[in-house]
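Text of the file structure.cif, holding mmCIF, C-alpha atoms:
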data_start
loop_
_atom_site.label_atom_id
_atom_site.label_comp_id
_atom_site.auth_asym_id
_atom_site.auth_seq_id
_atom_site.Cartn_x
_atom_site.Cartn_y
_atom_site.Cartn_z
CA MET A 95 3.23 10.46 13.52
CA LYS A 96 2.25 7.58 15.73
CA LEU A 97 -0.69 5.23 16.31
CA ASN A 98 -2.01 5.08 19.84
CA THR A 99 -2.88 1.89 21.71
CA LYS A 100 -6.61 2.16 21.04
CA GLN A 101 -6.07 2.57 17.29
CA ILE A 102 -3.75 -0.43 17.20
CA ASP A 103 -6.30 -2.52 19.09
CA ILE A 104 -9.02 -1.55 16.58
CA ILE A 105 -6.82 -2.49 13.61
CA LEU A 106 -5.88 -5.85 15.13
CA SER A 107 -9.48 -6.66 16.08
CA ASN A 108 -10.79 -5.92 12.57
CA PHE A 109 -7.92 -7.86 11.05
CA GLU A 110 -8.63 -10.93 13.18
CA ASN A 111 -12.16 -11.07 11.76
CA GLU A 112 -11.01 -10.76 8.13
CA THR A 113 -12.18 -13.56 5.85
CA GLN A 114 -11.31 -12.33 2.34
CA LYS A 115 -9.36 -14.58 -0.02
CA GLN A 116 -5.59 -14.53 0.49
CA VAL A 117 -2.82 -14.50 -2.11
CA HIS A 118 1.01 -14.55 -1.99
CA GLN A 119 0.93 -16.48 1.29
CA GLN A 120 4.58 -17.43 0.81
CA VAL A 121 5.35 -13.76 1.54
CA TRP A 122 2.39 -12.54 3.63
CA LYS A 123 0.45 -14.95 5.84
CA LYS A 124 -2.59 -12.72 5.51
CA ARG A 125 -3.54 -9.39 3.91
CA GLN A 126 -6.58 -7.19 4.46
CA TYR A 127 -7.33 -4.63 1.77
CA ALA A 128 -9.40 -1.52 2.47
CA PRO A 129 -10.75 -2.20 5.97
CA MET A 130 -11.04 1.61 6.08
CA ASN A 131 -9.94 1.91 9.71
CA ILE A 132 -8.49 5.32 8.88
CA TYR A 133 -12.00 6.76 8.49
CA LEU A 134 -13.21 5.68 11.93
CA GLN A 135 -13.83 8.36 14.54
CA GLU A 136 -10.96 7.06 16.67
CA PHE A 137 -8.57 7.96 13.82
CA ASP A 138 -9.78 11.57 13.33
CA GLN A 139 -6.68 13.14 14.87
CA LEU A 140 -4.30 10.98 12.83
CA ARG A 141 -6.25 11.64 9.64
CA ASN A 142 -6.14 15.39 10.26
CA LEU A 143 -2.39 15.23 10.87
CA ILE A 144 -1.86 13.34 7.61
CA ASN A 145 -4.00 15.85 5.69
CA GLU A 146 -1.90 18.71 7.09
CA LYS A 147 1.45 17.06 6.33
CA PHE A 148 0.49 15.89 2.83
CA GLU A 149 -1.68 18.78 1.69
CA PHE A 150 -1.44 17.86 -2.00
CA TYR A 151 -2.56 14.27 -1.46
CA THR A 152 -5.81 12.50 -0.63
CA ILE A 153 -6.14 9.59 1.80
CA LEU A 154 -7.61 6.66 -0.14
CA PHE A 155 -7.66 3.39 1.81
CA ASP A 156 -5.62 1.25 4.16
CA ILE A 157 -4.13 -2.25 4.17
CA VAL A 158 -3.05 -4.65 6.94
CA PHE A 159 -0.29 -7.20 6.33
CA GLU A 160 0.73 -10.16 8.47
CA SER A 161 4.12 -11.83 8.07
CA SER A 162 5.79 -14.73 9.82
CA GLY A 163 8.80 -12.46 10.20
CA ILE A 164 10.56 -13.32 6.95
CA CYS A 165 11.95 -10.55 4.77
CA THR A 166 9.49 -8.99 2.33
CA ASP A 167 11.93 -8.64 -0.53
CA TRP A 168 12.43 -5.59 -2.74
CA HIS A 169 9.49 -4.62 -4.92
CA CYS A 170 7.34 -1.74 -6.19
CA ASP A 171 3.60 -1.77 -5.57
CA TYR A 172 1.35 -2.71 -8.47
CA GLU A 173 -1.58 -4.85 -7.30
CA SER A 174 -2.93 -2.28 -4.86
CA LEU A 175 -2.86 0.36 -7.60
CA GLY A 176 -5.30 -1.76 -9.58
CA PRO A 177 -8.39 0.48 -9.27
CA PHE A 178 -6.57 3.52 -10.67
CA ILE A 179 -5.80 4.81 -14.14
CA ILE A 180 -2.04 5.17 -14.53
CA GLU A 181 -1.41 6.78 -17.91
CA SER A 182 2.38 6.70 -17.55
CA ASN A 183 4.01 4.45 -14.97
CA TYR A 184 7.28 6.35 -15.26
CA ASN A 185 5.64 9.76 -14.75
CA SER A 186 3.74 8.43 -11.73
CA ILE A 187 7.05 7.27 -10.26
CA LYS A 188 8.86 10.50 -11.16
CA ASN A 189 6.12 12.70 -9.70
CA SER A 190 5.43 10.52 -6.63
CA ASP A 191 1.74 10.21 -7.46
CA PHE A 192 1.31 7.58 -4.72
CA ILE A 193 2.50 7.72 -1.12
CA SER A 194 2.17 5.15 1.66
CA ILE A 195 2.56 5.50 5.42
CA HIS A 196 3.83 2.28 6.99
CA PHE A 197 3.38 1.37 10.67
CA ASN A 198 4.61 -1.72 12.51
CA ILE A 199 1.84 -2.55 14.99
CA THR A 200 3.61 -5.45 16.70
CA ASN A 201 6.90 -5.35 18.59
CA ASP A 202 10.33 -6.06 17.11
CA GLY A 203 9.12 -6.64 13.55
CA GLY A 204 11.32 -6.01 10.55
CA SER A 205 12.21 -2.51 9.39
CA LEU A 206 10.97 -0.75 6.28
CA VAL A 207 13.85 -0.06 3.87
CA THR A 208 13.44 2.24 0.85
CA LEU A 209 15.40 3.17 -2.25
CA ASN A 210 14.13 6.23 -4.14
CA TRP A 211 15.97 5.66 -7.44
CA LYS A 212 13.46 6.45 -10.19
CA LEU A 213 14.94 4.50 -13.12
CA LEU A 214 15.60 1.33 -11.14
CA SER A 215 12.10 1.53 -9.68
CA TYR A 216 10.71 1.87 -13.19
CA LEU A 217 12.65 -1.24 -14.28
CA TYR A 218 11.08 -3.15 -11.39
CA ASN A 219 7.69 -1.78 -12.34
CA ILE A 220 8.10 -3.21 -15.84
CA ILE A 221 9.19 -6.61 -14.48
CA ILE A 222 6.29 -6.84 -12.02
CA VAL A 223 3.69 -5.64 -14.52
CA TRP A 224 4.76 -8.16 -17.15
CA THR A 225 5.78 -11.20 -15.07
CA GLY A 226 4.07 -10.70 -11.71
CA ILE A 227 5.30 -9.81 -8.25
CA PHE A 228 7.88 -12.26 -6.86
CA SER A 229 8.01 -14.05 -10.21
CA GLY A 230 11.17 -15.91 -11.21
CA LEU A 231 12.56 -12.86 -13.03
CA HIS A 232 11.70 -10.59 -10.09
CA ILE A 233 13.51 -12.89 -7.63
CA LEU A 234 16.53 -13.20 -9.96
CA THR A 235 16.77 -9.41 -10.28
CA ASN A 236 16.66 -9.04 -6.49
CA ASN A 237 19.48 -11.54 -6.10
CA ILE A 238 21.65 -9.74 -8.66
CA LEU A 239 21.09 -6.29 -7.15
CA LYS A 240 21.48 -7.20 -3.44
CA PRO A 241 24.75 -5.20 -3.07
CA ILE A 242 23.05 -2.02 -4.32
CA PHE A 243 20.17 -2.46 -1.89
CA TYR A 244 22.54 -3.20 0.98
CA PHE A 245 24.67 -0.07 0.50
CA PHE A 246 22.09 2.47 -0.66
CA GLY A 247 18.79 1.45 0.94
CA LYS A 248 17.43 3.73 3.70
CA LYS A 249 16.39 1.85 6.83
CA HIS A 250 13.48 3.29 8.82
CA SER A 251 12.43 2.90 12.45
CA ASN A 252 10.64 -0.33 13.36
CA GLU A 253 9.31 1.07 16.67
CA LYS A 254 5.74 -0.09 17.25
CA GLY A 255 3.21 2.50 16.10
CA ILE A 256 5.66 4.84 14.35
CA GLY A 257 4.65 5.89 10.83
CA ASN A 258 7.20 6.02 8.01
CA TYR A 259 6.12 7.51 4.69
CA PHE A 260 7.48 6.63 1.25
CA ASP A 261 6.62 6.48 -2.46
CA ASN A 262 5.21 2.98 -2.81
CA MET A 263 5.74 2.90 -6.59
CA ARG A 264 9.45 3.12 -5.81
CA LEU A 265 11.57 0.31 -4.42
CA HIS A 266 10.98 -0.82 -0.86
CA SER A 267 11.43 -3.86 1.35
CA VAL A 268 10.86 -4.97 4.95
CA THR A 269 13.69 -6.76 6.74
CA SER A 270 13.25 -9.97 8.69
CA GLY A 271 12.36 -9.86 12.38
CA LYS A 272 9.80 -11.21 14.79
CA PRO A 273 6.38 -12.16 13.36
CA ARG A 274 4.78 -8.83 12.53
CA ILE A 275 1.60 -7.11 11.51
CA SER A 276 1.94 -3.92 9.51
CA TYR A 277 -0.62 -1.19 8.89
CA VAL A 278 -0.33 0.88 5.70
CA ILE A 279 -2.28 3.97 4.62
CA ARG A 280 -2.41 4.77 0.89
CA LEU A 281 -2.52 8.32 -0.50
CA ALA A 282 -2.67 9.67 -4.05
CA ARG A 283 -1.81 13.08 -5.47
CA GLU A 284 -4.84 15.33 -5.81
CA LYS A 285 -6.15 16.27 -9.26
CA THR A 286 -3.71 13.83 -10.85
CA VAL A 287 -4.64 10.19 -10.25
CA LYS A 288 -7.90 9.20 -11.95
CA ILE A 289 -10.35 6.35 -11.51
CA SER A 290 -13.31 4.99 -13.48
CA LYS A 291 -15.67 2.02 -13.49
CA LYS A 292 -13.56 0.37 -16.18
CA SER A 293 -10.29 0.83 -14.28
CA ILE A 294 -11.84 -0.74 -11.17
CA GLU A 295 -13.16 -3.69 -13.19
CA ASN A 296 -9.75 -4.18 -14.81
CA GLY A 297 -8.09 -4.13 -11.40
CA ILE A 298 -10.48 -6.79 -10.10
CA LYS A 299 -9.71 -9.00 -13.12
CA ARG A 300 -5.97 -8.62 -12.53
CA SER A 301 -5.86 -9.20 -8.78
CA ASP A 302 -8.12 -10.70 -6.12
CA ALA A 303 -6.82 -7.99 -3.79
CA CYS A 304 -8.97 -5.52 -5.72
CA LEU A 305 -12.18 -7.36 -4.85
CA SER A 306 -12.35 -5.03 -1.85
CA PHE A 307 -13.04 -2.18 -4.24
CA ILE A 308 -16.27 -3.62 -5.68
CA PRO A 309 -18.37 -1.12 -3.65
CA LEU A 310 -16.61 1.69 -5.55
CA LEU A 311 -18.45 0.62 -8.70
CA ASP A 312 -21.55 2.30 -7.29
CA LEU A 313 -19.65 5.56 -6.79
CA VAL A 314 -18.17 6.06 -10.27
CA ASN A 315 -19.20 5.69 -13.91
CA ASP A 316 -17.41 5.25 -17.23
CA THR A 317 -16.11 8.82 -17.26
CA PRO A 318 -12.77 9.04 -15.40
CA VAL A 319 -12.70 11.33 -12.39
CA PHE A 320 -9.92 12.32 -10.02
CA SER A 321 -9.58 9.87 -7.15
CA SER A 322 -9.61 12.88 -4.81
CA GLN A 323 -13.24 13.48 -5.88
CA ILE A 324 -14.38 10.06 -4.63
CA PRO A 325 -15.98 10.06 -1.16
CA TRP A 326 -13.75 7.25 0.12
CA LYS A 327 -15.43 7.26 3.50
CA LEU A 328 -18.54 5.88 1.81
CA LEU A 329 -16.58 2.71 1.01
CA CYS A 330 -16.25 2.23 4.76
CA GLU A 331 -19.99 2.65 5.23
CA LYS A 332 -20.80 0.24 2.38
CA GLN A 333 -18.69 -2.46 4.01
CA SER A 334 -20.39 -2.11 7.39
#

Could you express the structure from this file as structure tokens?
Amino acid sequence: MKLNTKQIDIILSNFENETQKQVHQQVWKKRQYAPMNIYLQEFDQLRNLINEKFEFYTILFDIVFESSGICTDWHCDYESLGPFIIESNYNSIKNSDFISIHFNITNDGGSLVTLNWKLLSYLYNIIIVWTGIFSGLHILTNNILKPIFYFFGKKHSNEKGIGNYFDNMRLHSVTSGKPRISYVIRLAREKTVKISKKSIENGIKRSDACLSFIPLLDLVNDTPVFSSQIPWKLLCEKQS
């Protein structure tokens, strides 16, 4: 799947106007959580294609990342899963409850590299949950395991606009390259991943990235529901 020129222009324009608080600027110069570009009319064809390819998943939200071109080192996503109830981190990794589709939307940026090993991903999940992403222990573990990543990591295309999908709770990295902007679409397995008012509030407390999900508080209550039951498009309308 591939983004067209008009879609890329829309993403870049919305990103340029982003003013939300930034974190981890030593890794990403700027991040934009849940701009909800994927629900715009111009993205209808792409959204339909994704729904056909991943029939057991629901499109949730999107994220835009800007990097100076440095390597985004090996990690498993945790912050952006903040609004959701994850009863067993290991089971979510084993069952691939979360999927991301990653697009480079600038030329000659770094390449996405993935490693699908469940147990090692779970170890990283524990480290990041308890000490934080890119903490001292996280960086030390990356340095120790560099040979494994070098020999066994799968490198994906960095062609502008090409989408590469992967389990974002499993290990992934982006190599160094020219300054880049990446566009990522998040999906969750239907009738599996749950969400509630409390889980959203806890996510906001844990990470400023989850402030983008405040409008969801009007769409859920204290009783957990499947994330696939949430009308995510309404989040787009509430932000407009």

- Which residue out of A:Arg264, A:Lys291, A:His169, A:Lys272 has the minimum interatomic distance to A:Ser194 when only C-alpha atoms are used?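 Comparing A:Arg264, A:Lys291, A:His169, A:Lys272 against A:Ser194, the winner is A:Arg264.
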
- Item | Ground truth for the PyMOL selection byres ((chain A and resi 128-137) around 9), written as a ChimeraX atom specification | /A:97,100-101,104-105,108-109,112,126-127,138-142,153-158,279,306-307,326-327,329-330,333

Store the residues of this selection in a file with C-alpha atoms, as an mmCIF file, in the coordinates of the input.
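Ended up saving to again.cif:
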data_model
loop_
_atom_site.group_PDB
_atom_site.id
_atom_site.type_symbol
_atom_site.label_atom_id
_atom_site.label_comp_id
_atom_site.auth_asym_id
_atom_site.auth_seq_id
_atom_site.Cartn_x
_atom_site.Cartn_y
_atom_site.Cartn_z
ATOM 1 C CA LEU A 97 -0.690 5.230 16.310
ATOM 2 C CA LYS A 100 -6.610 2.160 21.040
ATOM 3 C CA GLN A 101 -6.070 2.570 17.290
ATOM 4 C CA ILE A 104 -9.020 -1.550 16.580
ATOM 5 C CA ILE A 105 -6.820 -2.490 13.610
ATOM 6 C CA ASN A 108 -10.790 -5.920 12.570
ATOM 7 C CA PHE A 109 -7.920 -7.860 11.050
ATOM 8 C CA GLU A 112 -11.010 -10.760 8.130
ATOM 9 C CA GLN A 126 -6.580 -7.190 4.460
ATOM 10 C CA TYR A 127 -7.330 -4.630 1.770
ATOM 11 C CA ASP A 138 -9.780 11.570 13.330
ATOM 12 C CA GLN A 139 -6.680 13.140 14.870
ATOM 13 C CA LEU A 140 -4.300 10.980 12.830
ATOM 14 C CA ARG A 141 -6.250 11.640 9.640
ATOM 15 C CA ASN A 142 -6.140 15.390 10.260
ATOM 16 C CA ILE A 153 -6.140 9.590 1.800
ATOM 17 C CA LEU A 154 -7.610 6.660 -0.140
ATOM 18 C CA PHE A 155 -7.660 3.390 1.810
ATOM 19 C CA ASP A 156 -5.620 1.250 4.160
ATOM 20 C CA ILE A 157 -4.130 -2.250 4.170
ATOM 21 C CA VAL A 158 -3.050 -4.650 6.940
ATOM 22 C CA ILE A 279 -2.280 3.970 4.620
ATOM 23 C CA SER A 306 -12.350 -5.030 -1.850
ATOM 24 C CA PHE A 307 -13.040 -2.180 -4.240
ATOM 25 C CA TRP A 326 -13.750 7.250 0.120
ATOM 26 C CA LYS A 327 -15.430 7.260 3.500
ATOM 27 C CA LEU A 329 -16.580 2.710 1.010
ATOM 28 C CA CYS A 330 -16.250 2.230 4.760
ATOM 29 C CA GLN A 333 -18.690 -2.460 4.010
#

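The smallest atom-to-atom distance between A:Lys240 and any of A:Phe178, A:Trp168, A:Trp224, A:Tyr259, using all atoms listed in the file, is found for A:Trp168.
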
- Up to 7 Å from (-2.6, -11.5, 11.3) in the file's coordinates: name the residues, counting only C-alpha atoms, as a list in words.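 Output: Phe109, Glu110, Lys124, Phe159, Glu160 and Ile275 of chain A.
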
Any chance you could export the current selection's C-alpha atoms as a CSV table (one decimal), in the coordinates of the input?
chain,number,residue,atom,x,y,z
A,109,PHE,CA,-7.9,-7.9,11.0
A,110,GLU,CA,-8.6,-10.9,13.2
A,124,LYS,CA,-2.6,-12.7,5.5
A,159,PHE,CA,-0.3,-7.2,6.3
A,160,GLU,CA,0.7,-10.2,8.5
A,275,ILE,CA,1.6,-7.1,11.5

- Query: Which residue, A:Asn252, A:Ser290, A:Ser190, A:Ser321, has the smallest gap to A:Trp211 when you use only C-alpha atoms?
  - Reply: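 Closest to A:Trp211, using only C-alpha atoms: A:Ser190.
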
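Here the question is which of A:Val314, A:Met95, A:Leu281, A:Val319 gets nearest to A:Glu149 using all atoms listed in the file, and that residue is A:Leu281.
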
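Applied to this file, the PyMOL selection byres ((chain A and resi 187) around 10) selects the residues Cys170, Ser182, Asn183, Tyr184, Asn185, Ser186, Lys188, Asn189, Ser190, Asp191, Phe192, Asn210, Trp211, Lys212, Leu213, Ser215, Tyr216, Asn219, Asp261, Asn262, Met263 and Arg264 of chain A.
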
- Task: Could you tell me which residues the PyMOL selection byres ((chain A and resi 318) around 7) grabs in this file, written as a list in words?
- Result: Lys288, Ile289, Ser290, Asp316, Thr317, Val319 and Phe320 of chain A

- Of the candidates A:Leu313, A:Ile102, A:Leu175, A:Leu217, which one gets nearest to A:Ile298 if we count all atoms listed in the file? A:Leu175

- Item | Point (4.9, 4.4, 11.4), cut-off 7 Å, counting all atoms listed in the file, residues as a list in words |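 I get Met95, Lys96, Ile195, His196, Phe197, Asn198, Gly255, Ile256, Gly257 and Asn258 of chain A for the residues within 7 Å of that point.
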
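Nearest to A:Thr269 of all the residues A:Asp103, A:Asp167, A:Glu181, A:Asp302 is A:Asp167, based on all atoms listed in the file.
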
- Query: Hey, what's within 12 Å of A:Asn237 if we count all atoms listed in the file and toss same-chain stuff fewer than 6 positions away? As a ChimeraX atom specification, please?
  - Reply: /A:167-168,228,230-231,243-244

Could those residues be written to a file, using C-alpha atoms, as a PDB file, in the coordinates of the input?
ATOM      1  CA  ASP A 167      11.930  -8.640  -0.530  1.00  0.00           C
ATOM      2  CA  TRP A 168      12.430  -5.590  -2.740  1.00  0.00           C
ATOM      3  CA  PHE A 228       7.880 -12.260  -6.860  1.00  0.00           C
ATOM      4  CA  GLY A 230      11.170 -15.910 -11.210  1.00  0.00           C
ATOM      5  CA  LEU A 231      12.560 -12.860 -13.030  1.00  0.00           C
ATOM      6  CA  PHE A 243      20.170  -2.460  -1.890  1.00  0.00           C
ATOM      7  CA  TYR A 244      22.540  -3.200   0.980  1.00  0.00           C
TER       8      TYR A 244
END

Would you fill out stretch 168-188 of chain A with N, CA and C atoms and return it as a PDB file, in the coordinates of the input?
ATOM      1  N   TRP A 168      12.560  -6.856  -2.026  1.00  0.00           N
ATOM      2  CA  TRP A 168      12.430  -5.590  -2.740  1.00  0.00           C
ATOM      3  C   TRP A 168      11.392  -5.671  -3.858  1.00  0.00           C
ATOM      4  N   HIS A 169      10.534  -4.665  -3.901  1.00  0.00           N
ATOM      5  CA  HIS A 169       9.490  -4.620  -4.920  1.00  0.00           C
ATOM      6  C   HIS A 169       8.927  -3.196  -5.019  1.00  0.00           C
ATOM      7  N   CYS A 170       8.123  -2.972  -6.037  1.00  0.00           N
ATOM      8  CA  CYS A 170       7.340  -1.740  -6.190  1.00  0.00           C
ATOM      9  C   CYS A 170       5.875  -2.157  -6.239  1.00  0.00           C
ATOM     10  N   ASP A 171       5.006  -1.382  -5.619  1.00  0.00           N
ATOM     11  CA  ASP A 171       3.600  -1.770  -5.570  1.00  0.00           C
ATOM     12  C   ASP A 171       2.943  -1.677  -6.948  1.00  0.00           C
ATOM     13  N   TYR A 172       2.094  -2.658  -7.208  1.00  0.00           N
ATOM     14  CA  TYR A 172       1.350  -2.710  -8.470  1.00  0.00           C
ATOM     15  C   TYR A 172      -0.079  -3.172  -8.241  1.00  0.00           C
ATOM     16  N   GLU A 173      -0.241  -4.303  -7.529  1.00  0.00           N
ATOM     17  CA  GLU A 173      -1.580  -4.850  -7.300  1.00  0.00           C
ATOM     18  C   GLU A 173      -2.519  -3.829  -6.666  1.00  0.00           C
ATOM     19  N   SER A 174      -2.051  -3.177  -5.606  1.00  0.00           N
ATOM     20  CA  SER A 174      -2.930  -2.280  -4.860  1.00  0.00           C
ATOM     21  C   SER A 174      -3.212  -0.986  -5.610  1.00  0.00           C
ATOM     22  N   LEU A 175      -2.552  -0.788  -6.752  1.00  0.00           N
ATOM     23  CA  LEU A 175      -2.860   0.360  -7.600  1.00  0.00           C
ATOM     24  C   LEU A 175      -3.891  -0.006  -8.661  1.00  0.00           C
ATOM     25  N   GLY A 176      -4.399  -1.230  -8.569  1.00  0.00           N
ATOM     26  CA  GLY A 176      -5.300  -1.760  -9.580  1.00  0.00           C
ATOM     27  C   GLY A 176      -6.512  -0.926  -9.923  1.00  0.00           C
ATOM     28  N   PRO A 177      -7.178  -0.273  -8.933  1.00  0.00           N
ATOM     29  CA  PRO A 177      -8.390   0.480  -9.270  1.00  0.00           C
ATOM     30  C   PRO A 177      -8.133   1.768 -10.025  1.00  0.00           C
ATOM     31  N   PHE A 178      -6.867   2.181 -10.149  1.00  0.00           N
ATOM     32  CA  PHE A 178      -6.570   3.520 -10.670  1.00  0.00           C
ATOM     33  C   PHE A 178      -6.084   3.497 -12.114  1.00  0.00           C
ATOM     34  N   ILE A 179      -6.285   4.619 -12.775  1.00  0.00           N
ATOM     35  CA  ILE A 179      -5.800   4.810 -14.140  1.00  0.00           C
ATOM     36  C   ILE A 179      -4.395   5.398 -14.043  1.00  0.00           C
ATOM     37  N   ILE A 180      -3.412   4.667 -14.529  1.00  0.00           N
ATOM     38  CA  ILE A 180      -2.040   5.170 -14.530  1.00  0.00           C
ATOM     39  C   ILE A 180      -1.619   5.316 -15.990  1.00  0.00           C
ATOM     40  N   GLU A 181      -1.669   6.536 -16.493  1.00  0.00           N
ATOM     41  CA  GLU A 181      -1.410   6.780 -17.910  1.00  0.00           C
ATOM     42  C   GLU A 181       0.049   6.576 -18.263  1.00  0.00           C
ATOM     43  N   SER A 182       0.942   6.900 -17.338  1.00  0.00           N
ATOM     44  CA  SER A 182       2.380   6.700 -17.550  1.00  0.00           C
ATOM     45  C   SER A 182       2.994   6.237 -16.242  1.00  0.00           C
ATOM     46  N   ASN A 183       3.411   4.977 -16.198  1.00  0.00           N
ATOM     47  CA  ASN A 183       4.010   4.450 -14.970  1.00  0.00           C
ATOM     48  C   ASN A 183       5.250   5.253 -14.581  1.00  0.00           C
ATOM     49  N   TYR A 184       6.058   5.607 -15.580  1.00  0.00           N
ATOM     50  CA  TYR A 184       7.280   6.350 -15.260  1.00  0.00           C
ATOM     51  C   TYR A 184       6.954   7.728 -14.678  1.00  0.00           C
ATOM     52  N   ASN A 185       5.992   8.435 -15.276  1.00  0.00           N
ATOM     53  CA  ASN A 185       5.640   9.760 -14.750  1.00  0.00           C
ATOM     54  C   ASN A 185       5.059   9.666 -13.347  1.00  0.00           C
ATOM     55  N   SER A 186       4.287   8.605 -13.079  1.00  0.00           N
ATOM     56  CA  SER A 186       3.740   8.430 -11.730  1.00  0.00           C
ATOM     57  C   SER A 186       4.849   8.203 -10.715  1.00  0.00           C
ATOM     58  N   ILE A 187       5.892   7.462 -11.134  1.00  0.00           N
ATOM     59  CA  ILE A 187       7.050   7.270 -10.260  1.00  0.00           C
ATOM     60  C   ILE A 187       7.816   8.577 -10.094  1.00  0.00           C
ATOM     61  N   LYS A 188       8.074   9.253 -11.192  1.00  0.00           N
ATOM     62  CA  LYS A 188       8.860  10.500 -11.160  1.00  0.00           C
ATOM     63  C   LYS A 188       8.175  11.562 -10.303  1.00  0.00           C
TER      64      LYS A 188
END
